[in-house]
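*Asks:* I'm passing along start05.cif; it holds mmCIF, C-alpha atoms.
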```cif
data_target
loop_
_atom_site.label_atom_id
_atom_site.label_comp_id
_atom_site.auth_asym_id
_atom_site.auth_seq_id
_atom_site.Cartn_x
_atom_site.Cartn_y
_atom_site.Cartn_z
CA MET A 715 25.70 24.94 -9.76
CA LEU A 716 26.46 21.24 -9.18
CA PRO A 717 30.05 20.26 -10.12
CA ASP A 718 30.63 17.68 -12.84
CA LEU A 719 29.97 14.28 -11.23
CA ASN A 720 32.84 12.59 -13.08
CA ARG A 721 35.26 15.13 -11.64
CA LEU A 722 33.90 14.49 -8.16
CA LYS A 723 34.57 10.78 -8.70
CA VAL A 724 38.18 11.54 -9.68
CA PHE A 725 38.55 13.80 -6.62
CA PHE A 726 37.22 11.01 -4.39
CA HIS A 727 39.89 8.59 -5.58
CA ILE A 728 42.69 11.17 -5.41
CA PHE A 729 41.73 11.83 -1.80
CA ASN A 730 41.72 8.12 -0.94
CA GLU A 731 45.01 7.35 -2.72
CA GLN A 732 46.72 10.70 -1.93
CA SER A 733 48.24 10.43 -5.40
CA SER A 734 47.07 11.31 -8.88
CA THR A 735 49.09 8.42 -10.32
CA ALA A 736 47.47 5.87 -7.99
CA ALA A 737 44.05 7.38 -8.69
CA ALA A 738 44.69 7.04 -12.43
CA LEU A 739 45.48 3.33 -12.00
CA LYS A 740 42.30 2.88 -9.96
CA LEU A 741 40.19 4.65 -12.56
CA HIS A 742 41.95 3.16 -15.61
CA ILE A 743 42.69 6.56 -17.11
CA THR A 744 45.93 8.49 -17.66
CA GLN A 745 47.63 10.48 -14.93
CA SER A 746 47.33 13.62 -17.05
CA GLY A 747 43.59 12.96 -17.34
CA VAL A 748 43.31 12.83 -13.55
CA SER A 749 45.27 16.07 -13.20
CA GLN A 750 43.06 17.75 -15.80
CA HIS A 751 39.85 16.70 -13.99
CA LEU A 752 41.23 18.02 -10.70
CA LYS A 753 42.26 21.30 -12.24
CA LYS A 754 38.81 21.87 -13.78
CA LEU A 755 37.06 20.93 -10.51
CA GLU A 756 39.17 23.45 -8.57
CA GLU A 757 38.30 26.07 -11.21
CA GLU A 758 34.59 25.24 -10.87
CA LEU A 759 34.72 25.51 -7.08
CA GLN A 760 37.19 28.43 -7.16
CA THR A 761 39.29 26.87 -4.41
CA GLN A 762 42.39 24.68 -4.05
CA LEU A 763 41.60 21.14 -2.94
CA PHE A 764 45.11 19.68 -2.50
CA THR A 765 48.66 20.83 -1.85
CA ARG A 766 51.68 18.73 -2.92
CA VAL A 767 53.94 17.63 -0.06
CA ASN A 768 56.83 15.20 -0.80
CA ARG A 769 55.05 13.73 -3.86
CA ARG A 770 51.84 13.30 -1.86
CA LEU A 771 48.65 15.24 -2.47
CA VAL A 772 47.52 16.53 0.91
CA PRO A 773 43.92 17.79 1.10
CA THR A 774 43.27 21.38 2.07
CA ALA A 775 40.51 22.34 4.50
CA ALA A 776 38.20 22.81 1.50
CA GLY A 777 39.26 19.39 0.17
CA LYS A 778 38.45 17.71 3.47
CA LYS A 779 35.08 19.41 3.57
CA LEU A 780 34.26 18.35 0.01
CA TYR A 781 35.31 14.77 0.76
CA GLY A 782 32.93 14.67 3.71
CA ILE A 783 30.14 15.56 1.31
CA VAL A 784 31.19 13.20 -1.49
CA GLN A 785 32.19 10.16 0.59
CA GLU A 786 28.69 9.22 1.77
CA PHE A 787 27.25 9.61 -1.72
CA MET A 788 29.98 7.47 -3.31
CA ASN A 789 29.68 4.73 -0.71
CA GLU A 790 25.89 4.58 -1.07
CA LEU A 791 26.24 4.57 -4.86
CA GLU A 792 28.71 1.68 -4.71
CA GLN A 793 26.46 -0.33 -2.36
CA GLY A 794 23.40 0.42 -4.47
CA VAL A 795 25.07 -0.70 -7.69
CA GLN A 796 26.27 -3.91 -6.04
CA HIS A 797 22.68 -4.78 -5.08
CA ILE A 798 20.91 -3.35 -8.11
CA ASN A 799 19.86 -6.81 -9.30
CA ASP A 800 18.54 -7.91 -5.91
CA GLY A 801 14.92 -8.94 -6.23
CA LEU A 802 15.21 -9.94 -9.88
CA THR A 803 15.51 -13.63 -9.07
CA THR A 804 14.54 -13.90 -5.38
CA PRO A 805 11.91 -11.76 -3.60
CA SER A 806 13.52 -9.00 -1.55
CA GLY A 807 13.18 -5.32 -0.69
CA LEU A 808 10.22 -3.18 0.34
CA LEU A 809 6.61 -3.99 -0.59
CA ARG A 810 4.20 -1.02 -0.37
CA ILE A 811 0.66 -2.41 -0.21
CA GLY A 812 -2.71 -0.76 0.37
CA ALA A 813 -5.91 -2.36 1.64
CA PRO A 814 -9.36 -1.61 3.12
CA THR A 815 -9.03 -0.93 6.83
CA GLU A 816 -10.73 -3.98 8.37
CA PHE A 817 -9.69 -6.41 5.65
CA GLY A 818 -6.11 -5.18 5.81
CA LYS A 819 -5.87 -5.36 9.60
CA ILE A 820 -7.26 -8.89 9.77
CA TYR A 821 -5.60 -10.63 6.83
CA LEU A 822 -2.48 -8.80 5.65
CA PRO A 823 -0.20 -9.03 8.75
CA PRO A 824 -0.47 -12.81 9.32
CA ILE A 825 -0.19 -13.61 5.61
CA PHE A 826 2.81 -11.33 5.25
CA GLY A 827 4.30 -13.09 8.27
CA SER A 828 4.18 -16.47 6.52
CA PHE A 829 5.53 -14.86 3.33
CA ARG A 830 8.47 -13.31 5.18
CA ARG A 831 9.37 -16.62 6.76
CA LYS A 832 9.97 -17.84 3.21
CA TYR A 833 11.63 -14.62 2.04
CA PRO A 834 13.26 -12.86 5.02
CA ALA A 835 14.78 -10.13 2.83
CA VAL A 836 11.31 -8.65 2.16
CA THR A 837 9.77 -5.88 4.27
CA MET A 838 6.29 -4.38 4.04
CA LYS A 839 4.70 -0.98 4.39
CA LEU A 840 0.91 -1.38 4.76
CA GLU A 841 -1.47 1.54 4.17
CA LEU A 842 -5.15 1.23 5.11
CA ASP A 843 -7.54 3.66 3.44
CA GLU A 844 -10.61 4.24 1.29
CA PRO A 845 -10.83 3.02 -2.34
CA LYS A 846 -10.37 6.38 -4.09
CA ILE A 847 -7.31 7.23 -2.01
CA LEU A 848 -5.78 3.81 -2.62
CA PHE A 849 -6.48 4.06 -6.37
CA SER A 850 -4.78 7.46 -6.44
CA LYS A 851 -1.73 6.20 -4.53
CA VAL A 852 -1.36 3.25 -6.90
CA ALA A 853 -1.55 5.59 -9.91
CA ASN A 854 0.99 8.00 -8.39
CA GLY A 855 3.46 5.22 -7.64
CA GLU A 856 3.13 5.61 -3.86
CA LEU A 857 1.93 1.99 -3.58
CA ASP A 858 3.17 -1.03 -5.55
CA PHE A 859 -0.37 -2.38 -5.56
CA ALA A 860 -3.48 -2.40 -3.37
CA TYR A 861 -6.36 -4.67 -2.44
CA ILE A 862 -9.41 -2.43 -3.00
CA ASP A 863 -13.18 -2.68 -2.59
CA ILE A 864 -14.79 -2.62 -6.06
CA LEU A 865 -18.40 -1.77 -5.23
CA PRO A 866 -20.24 -0.08 -8.15
CA PHE A 867 -20.51 3.26 -6.38
CA PHE A 868 -16.75 3.28 -5.80
CA MET A 869 -15.85 2.99 -9.46
CA ASP A 870 -15.45 6.73 -10.17
CA THR A 871 -11.69 6.33 -9.93
CA PRO A 872 -8.85 8.78 -10.69
CA GLY A 873 -7.87 8.33 -14.33
CA GLY A 874 -10.71 5.87 -15.00
CA THR A 875 -10.64 2.13 -14.44
CA SER A 876 -8.82 1.53 -17.76
CA THR A 877 -5.72 3.03 -16.10
CA TYR A 878 -5.44 0.02 -13.80
CA SER A 879 -5.00 -3.74 -13.86
CA ILE A 880 -7.87 -5.03 -11.68
CA LYS A 881 -7.79 -8.71 -10.68
CA PRO A 882 -10.61 -9.92 -8.36
CA VAL A 883 -9.38 -11.84 -5.32
CA VAL A 884 -12.22 -12.12 -2.78
CA ARG A 885 -16.00 -11.76 -2.92
CA GLU A 886 -17.85 -10.97 0.30
CA GLU A 887 -21.50 -10.35 1.21
CA PHE A 888 -22.71 -7.14 2.78
CA VAL A 889 -25.42 -7.92 5.33
CA LEU A 890 -28.00 -5.65 6.96
CA ALA A 891 -28.19 -6.85 10.55
CA CYS A 892 -29.25 -5.87 14.05
CA SER A 893 -29.13 -7.39 17.52
CA ASN A 894 -31.64 -10.07 18.46
CA GLU A 895 -33.13 -7.72 21.04
CA TYR A 896 -33.53 -4.84 18.56
CA TYR A 897 -35.01 -7.19 15.95
CA ARG A 898 -37.70 -8.45 18.33
CA ALA A 899 -38.55 -4.92 19.49
CA ARG A 900 -38.52 -3.03 16.17
CA VAL A 901 -38.62 -5.28 13.11
CA ASN A 902 -42.31 -5.99 12.64
CA GLU A 903 -42.30 -6.71 8.91
CA ILE A 904 -39.57 -7.16 6.33
CA ASN A 905 -40.77 -4.73 3.70
CA TYR A 906 -39.51 -1.41 2.34
CA GLY A 907 -41.77 0.86 4.39
CA SER A 908 -41.17 -0.90 7.69
CA LEU A 909 -37.42 -1.28 7.31
CA THR A 910 -36.79 2.34 6.33
CA GLN A 911 -38.25 3.42 9.68
CA LEU A 912 -35.54 1.66 11.68
CA ASP A 913 -32.58 3.32 13.37
CA PHE A 914 -29.44 2.85 11.29
CA ILE A 915 -25.75 2.60 12.08
CA GLY A 916 -23.92 4.44 9.34
CA TYR A 917 -20.40 4.46 7.95
CA LYS A 918 -18.99 8.03 7.95
CA ASP A 919 -22.40 9.70 7.65
CA ASP A 920 -22.90 8.03 4.25
CA ILE A 921 -26.04 6.08 3.32
CA ALA A 922 -24.80 4.94 -0.11
CA LEU A 923 -24.41 1.34 1.08
CA PHE A 924 -27.94 1.32 2.54
CA ARG A 925 -29.34 2.74 -0.69
CA SER A 926 -27.63 -0.03 -2.67
CA TRP A 927 -29.07 -2.64 -0.31
CA PHE A 928 -32.64 -1.30 -0.61
CA LYS A 929 -32.27 -0.92 -4.39
CA LEU A 930 -31.21 -4.55 -4.69
CA HIS A 931 -34.04 -5.97 -2.57
CA PHE A 932 -36.92 -3.55 -3.23
CA ASN A 933 -35.90 -1.67 -6.39
CA ARG A 934 -36.30 1.58 -4.42
CA GLU A 935 -33.73 3.81 -2.74
CA PRO A 936 -34.37 5.87 0.41
CA GLN A 937 -33.24 9.48 0.14
CA GLN A 938 -32.61 9.73 3.87
CA LEU A 939 -32.51 7.45 6.90
CA ASN A 940 -32.37 7.95 10.64
CA LEU A 941 -28.70 7.47 11.51
CA SER A 942 -28.56 6.81 15.24
CA PHE A 943 -24.85 6.05 15.27
CA ILE A 944 -22.01 6.91 12.86
CA ALA A 945 -18.63 5.19 12.86
CA ASP A 946 -15.56 5.06 10.64
CA SER A 947 -14.72 1.37 11.01
CA SER A 948 -16.47 -1.95 10.53
CA GLU A 949 -15.41 -3.08 14.01
CA ALA A 950 -17.25 -0.14 15.55
CA ILE A 951 -20.31 -0.84 13.42
CA VAL A 952 -20.43 -4.48 14.56
CA SER A 953 -20.05 -3.35 18.17
CA ALA A 954 -22.91 -0.86 17.75
CA ILE A 955 -25.09 -3.56 16.18
CA LYS A 956 -24.46 -5.89 19.13
CA SER A 957 -25.25 -3.01 21.50
CA GLY A 958 -28.76 -2.67 20.00
CA LEU A 959 -28.26 0.80 18.50
CA GLY A 960 -30.00 -0.10 15.27
CA ALA A 961 -29.43 -1.87 11.96
CA GLY A 962 -26.06 -1.66 10.25
CA ILE A 963 -24.42 -3.02 7.14
CA THR A 964 -21.03 -4.69 7.09
CA VAL A 965 -19.42 -7.77 5.58
CA SER A 966 -20.88 -11.04 6.80
CA HIS A 967 -17.60 -12.71 7.79
CA LEU A 968 -17.15 -10.13 10.56
CA MET A 969 -20.44 -11.29 12.13
CA ASN A 970 -20.63 -14.98 11.18
CA ARG A 971 -20.19 -16.23 14.73
CA GLU A 972 -22.85 -13.92 16.21
CA ILE A 973 -25.26 -14.68 13.36
CA ALA A 974 -24.76 -18.41 13.93
CA THR A 975 -25.49 -18.08 17.67
CA GLY A 976 -28.51 -15.82 17.09
CA ASP A 977 -27.03 -12.82 18.94
CA ILE A 978 -27.18 -10.90 15.66
CA ILE A 979 -30.01 -11.30 13.14
CA ALA A 980 -29.27 -10.91 9.44
CA ILE A 981 -32.20 -9.18 7.71
CA ARG A 982 -32.65 -10.92 4.35
CA PRO A 983 -35.86 -10.11 2.43
CA ASP A 984 -34.94 -12.65 -0.28
CA ARG A 985 -32.04 -14.75 -1.49
CA THR A 986 -30.26 -12.02 -3.42
CA LYS A 987 -27.05 -10.75 -1.89
CA LEU A 988 -25.32 -7.39 -1.93
CA GLN A 989 -21.78 -8.42 -2.75
CA ASN A 990 -18.49 -6.60 -2.70
CA THR A 991 -15.43 -7.69 -4.61
CA ILE A 992 -11.95 -7.00 -3.31
CA ALA A 993 -9.50 -6.87 -6.20
CA CYS A 994 -5.76 -6.54 -6.53
CA VAL A 995 -5.20 -3.21 -8.28
CA GLN A 996 -2.00 -2.16 -10.01
CA PHE A 997 -1.12 0.70 -12.30
CA LYS A 998 -1.42 -0.90 -15.75
CA ALA A 999 1.74 0.68 -17.14
CA LYS A 1000 3.86 -0.65 -14.26
CA GLN A 1001 5.77 -3.91 -14.69
CA PRO A 1002 5.33 -5.91 -11.44
CA SER A 1003 8.51 -7.11 -9.76
CA ILE A 1004 9.18 -10.73 -8.84
CA THR A 1005 8.57 -9.77 -5.21
CA GLU A 1006 5.13 -8.30 -5.97
CA THR A 1007 4.11 -11.29 -8.09
CA ALA A 1008 5.32 -13.79 -5.47
CA PHE A 1009 3.41 -12.05 -2.68
CA GLN A 1010 0.16 -11.83 -4.67
CA GLU A 1011 0.33 -15.57 -5.41
CA HIS A 1012 1.15 -16.34 -1.78
CA PHE A 1013 -1.70 -14.10 -0.56
CA ARG A 1014 -4.29 -15.88 -2.70
CA LEU A 1015 -2.98 -19.31 -1.67
CA GLU A 1016 -3.03 -18.45 2.05
CA LEU A 1017 -6.58 -17.07 1.83
CA SER A 1018 -7.77 -20.27 0.14
CA LYS A 1019 -5.99 -22.52 2.61
CA ASN A 1020 -6.65 -20.79 5.93
CA TYR A 1021 -9.77 -18.63 5.55
CA ALA A 1022 -12.62 -20.86 4.43
CA LYS A 1023 -15.23 -18.23 5.41
CA LEU A 1024 -14.06 -16.03 2.52
CA GLN A 1025 -15.19 -16.65 -1.04
CA ILE A 1026 -11.94 -16.71 -3.05
CA ILE A 1027 -12.33 -15.86 -6.72
#
```
Here is the file; what I need is its structure written in the form of structure tokens.
*Replies:*
Amino acid sequence: MLPDLNRLKVFFHIFNEQSSTAAALKLHITQSGVSQHLKKLEEELQTQLFTRVNRRLVPTAAGKKLYGIVQEFMNELEQGVQHINDGLTTPSGLLRIGAPTEFGKIYLPPIFGSFRRKYPAVTMKLELDEPKILFSKVANGELDFAYIDILPFFMDTPGGTSTYSIKPVVREEFVLACSNEYYRARVNEINYGSLTQLDFIGYKDDIALFRSWFKLHFNREPQQLNLSFIADSSEAIVSAIKSGLGAGITVSHLMNREIATGDIIAIRPDRTKLQNTIACVQFKAKQPSITETAFQEHFRLELSKNYAKLQII
């Protein structure tokens, strides 16, 4: 059973002062009160903690051992209390942020770098993962907030979307594309029947994104497609597209340069676009700190200022 914490505090000061009278002055209580706390603590632990030598309280072996346990806790408690209001007026402390893998790798580190130059007392832990996992970590308090893909087929979230505060930040277009060489060899017509016969580069053996693309443009969804290559990152999908392995879907800003040069061909049956929104997601019941609010504002400002290829909402 854990000893009474107030008695441990009294013991800590008796040990430091080697006197119950001095400990009483330190604690602003009576000397008899100090002696009573010590007596009850020794009864709880069933061991003597001090012996009296020439009006000094000298710790026993058990007392020294207990002090070694209590000292670190008391010092950390004192330091923690001194800094308990840190971050209430100036951003500081740890930010735990989640993001989609490619988006997070590209944009979060440099933007956090500029934020930390303004607020050097802030540190960041960045977690890159899939929407459902990020939603769950936000809800469980493992992340302060997360930037998450809000595609319609990702909206089956833990606890339901009403559990979260969802603020759109960026809108990006998903593009079906292939290499120039593959396009000339295989894309004869841009219609449903012809396009479904292509080789496809899939994300984690999942054709949900392809089905959404076909539904948008042709109002029909393929039940299966020939996946010639499967990857778990957008970078690998872009590389596979450039290598002529088939047609893949990823966000346009990862391929803008190659599309502009003609190395990659975007397959667009009409002017409609399959769009994804990345939103800042927080647990609705959680009050954001000044650090979280300052970073979110800084993030949006930096995206608008330095990343013109993104559509900022």
*Asks:* Would you kindly translate the PyMOL selection byres ((chain A and resi 848) around 10) into the concrete residues it picks from this file, as a ChimeraX atom specification?
*Replies:* /A:811-814,841-847,849-854,856-857,859-863,871-872,995
*Asks:* Quick one: residues within 8 Å of segment 877-890 of chain A, only C-alpha atoms, excluding same-chain residues fewer than 4 positions away - as an NGL selection string?
*Replies:* :A and (853 or 873 or 927 or 961-967 or 980-982 or 987-999 or 1014 or 1024-1027)
*Asks:* Near Gln785 of chain A, counting all atoms listed in the file, which residues have an atom at most 12 Å away, once you skip same-chain residues fewer than 3 positions from it, shown as a ChimeraX atom specification?
*Replies:* /A:722-727,729-730,777-782,788-792
*Asks:* For a cut-off of 12 Å around (-32.5, 4.2, -1.3), file coordinates, pick out all residues using all atoms listed in the file and list them as a list of chain:residue names.
*Replies:* A:Tyr906, A:Gly907, A:Leu909, A:Thr910, A:Asp920, A:Ile921, A:Ala922, A:Leu923, A:Phe924, A:Arg925, A:Ser926, A:Trp927, A:Phe928, A:Lys929, A:Leu930, A:His931, A:Phe932, A:Asn933, A:Arg934, A:Glu935, A:Pro936, A:Gln937, A:Gln938, A:Leu939
*Asks:* Do you have the atom CA of Val836 of chain A-atom CA of Glu786 of chain A distance handy?
*Replies:*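 Going from atom CA of Val836 of chain A over to atom CA of Glu786 of chain A covers 24.9 Å.
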*Asks:* State, in Å with one decimal place, the distance from atom CA of Ala736 of chain A to atom CA of Ser749 of chain A.
*Replies:*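 If I compute the distance from atom CA of Ala736 of chain A to atom CA of Ser749 of chain A, I get 11.7 Å.
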*Asks:* Interatomic distance between atom CA of Asp977 of chain A and atom CA of Gly818 of chain A?
*Replies:*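 Here the two named atoms are 25.9 Å from each other.
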*Asks:* From the list A:Ile728, A:Ile978, A:Leu1017, A:Leu719, which residue is nearest Val952 of chain A when using only C-alpha atoms?
*Replies:*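 Smallest separation from Val952 of chain A among the options: A:Ile978.
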